[in-house]
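These notes concern the structure reproduced below.
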Amino acid sequence: MDFADDWDDELRSFAERLLRFETTAGNEAPAQEWLRERLEAFGFETYEWVAEAAQLASHPSFPDDPEAIQTSGRPSVAGVLEFGDPDAGPTLVLNGHVDVVPAGRESAWSGNPFEPRWDGDRLTARGAVDMKCGLAACVFAARHLAETGTDIDGRVVVESVVGEEEGGIGAAAAALSNPYPFDRDAAIVAEPTELRPITATEGSLMTRLRLEGRSAHAATRWHGESVLEHFERIRRAFMDLEAERGERVSHPLYEAFPTPWPVCFGTVEAGSWASTVPDELVAEIRIGVAPGETVDEVEREFEARLASVVDDEPWLESNPPEFERFSIQFEAAETDPDEPVVGAVQSAMAEVGLEESAVRGATYGADSRHYVAAGIPTVLFGPGSIQQAHFPDETIDWSEVLTAGETIARGARTFFAGER
């Protein structure tokens, strides 16, 4: 059976329907209900779970306050197919997240973000890349394996999880409390990797900086204490530390990145009136965490650098800045490239003619980290480019989706057969 010839039309229709669901945070349930029905119609045994906010609050990725974690009415679903004697073979998870980031201004799009449209073989919609087409490819890869894998033993699990953009709500819950009556041996997460295997993902520390100055009339601004000058000193110090870390913290999979552990001042709000010296500033900062580091270690580095700036500034010594975590934290994660699941994907890539099979690192985080933390070797491999994710007119080349589906199906078969 040829994957593209057998599944192209049905896979297109499936992906189009999934893309029409506006699955922003907290709105995933209708899509998940539809998906569960489709999985059952395809012959999968289905499972469903809802994360417990109290359990996630004890996890380092999430806020300590359960009320700050939205879990109610947000089911994750999975379908399981068994082959031969399932207990005699391994279990492989094919994972994708159904949630998407908001589309933003509709005027920035060339059409309705949640009405998929085609330009030849290029498909545009919110979630086309990140990552509903990858999720759809997993579903049909499993179906293809069911049609062709009559001589193998094991299980394949296709997961559609919620809340990945908020730290991995569904995946974290699945990692912390196995929702299945069997163990999981490995996972493939179909994030947009440009059809290349990624075994290392970067972590991130999310912090909020608060500074206080002294207001004054703009006409006599010398009587005030502007927060902007102090902020700029801190910003420069952090960017200097970014550069130092880029030289000092090395990893072979990140040598190609110009800034391997980036620091981004994503938001800065200061002042209240054009004719008043700004006396308050709040900045939100994302700080990269390398594989092998912890969020705690990196946080201490930046706290120490902030303290050195404060020590040199009498105003800051008397009015110390606040520097604290907020939102979601991402721990870095890494899977040994010699793990069988990695080799299986690489072997499948060679079979379909994908030449760039060397493992890579990514400067973003993914749900893979939750499975790695649970002792489940995980590789990222999927269609599309991260450069299209979260952008207006998010677009994917359909040929990549078909190639991803075929590669994942072949990789799963190789993994079950124990070949590399």
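Letters A, B, ... go to the chains of the structure tokens in the order shown; residues in each chain start at 1; ligands are counted from 1 in the same order.
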If we count only C-alpha atoms and set the cut-off at 12 Å, which residues sit around Ser250 (chain A), ignoring sequence neighbours fewer than 6 positions away in its own chain? Please answer as a PDB file with C-alpha atoms, in the first residue's frame.
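part_7.pdb was written with the following content:
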```pdb
ATOM      1  CA  GLU A 244      28.485  34.978  28.025  1.00  0.00           C
ATOM      2  CA  ALA A 256      24.394  26.257  14.558  1.00  0.00           C
ATOM      3  CA  PHE A 257      22.218  28.783  16.418  1.00  0.00           C
ATOM      4  CA  THR A 259      22.041  32.751  20.013  1.00  0.00           C
ATOM      5  CA  PRO A 260      21.556  29.321  21.562  1.00  0.00           C
ATOM      6  CA  TRP A 261      20.040  30.426  24.897  1.00  0.00           C
ATOM      7  CA  VAL A 289      17.594  27.108  29.455  1.00  0.00           C
ATOM      8  CA  ALA A 290      20.039  24.669  27.851  1.00  0.00           C
ATOM      9  CA  PRO A 291      19.631  20.881  27.895  1.00  0.00           C
ATOM     10  CA  GLY A 292      21.496  19.716  30.955  1.00  0.00           C
ATOM     11  CA  GLU A 293      20.581  22.845  32.930  1.00  0.00           C
TER      12      GLU A 293
END
```
Pick out each residue of region 10-78 of chain A that DSSP on the backbone tags as strand (DSSP E); I need them as a PyMOL selection string.
-> chain A and resi 45-49+76-78
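Residue nearest Glu303 (chain A), chosen from A:Leu205, A:Thr220, A:Arg360, A:Ala332 and counting only C-alpha atoms: A:Leu205.
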Interatomic distance (Å, one decimal) between CA of Ala4 (chain A) and CA of Ala409 (chain A) | 11.9 Å
By how many Å are CA of Glu45 (chain A) and CA of Ile188 (chain A) apart?
->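 Spanning CA of Glu45 (chain A) to CA of Ile188 (chain A) is a straight-line distance of 19.4 Å.
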As a PyMOL selection string, which residues of region 291-419 of chain A does DSSP assign to alpha helix (DSSP H)?
-> chain A and resi 295-311+314-318+340-352+368-373+398-417
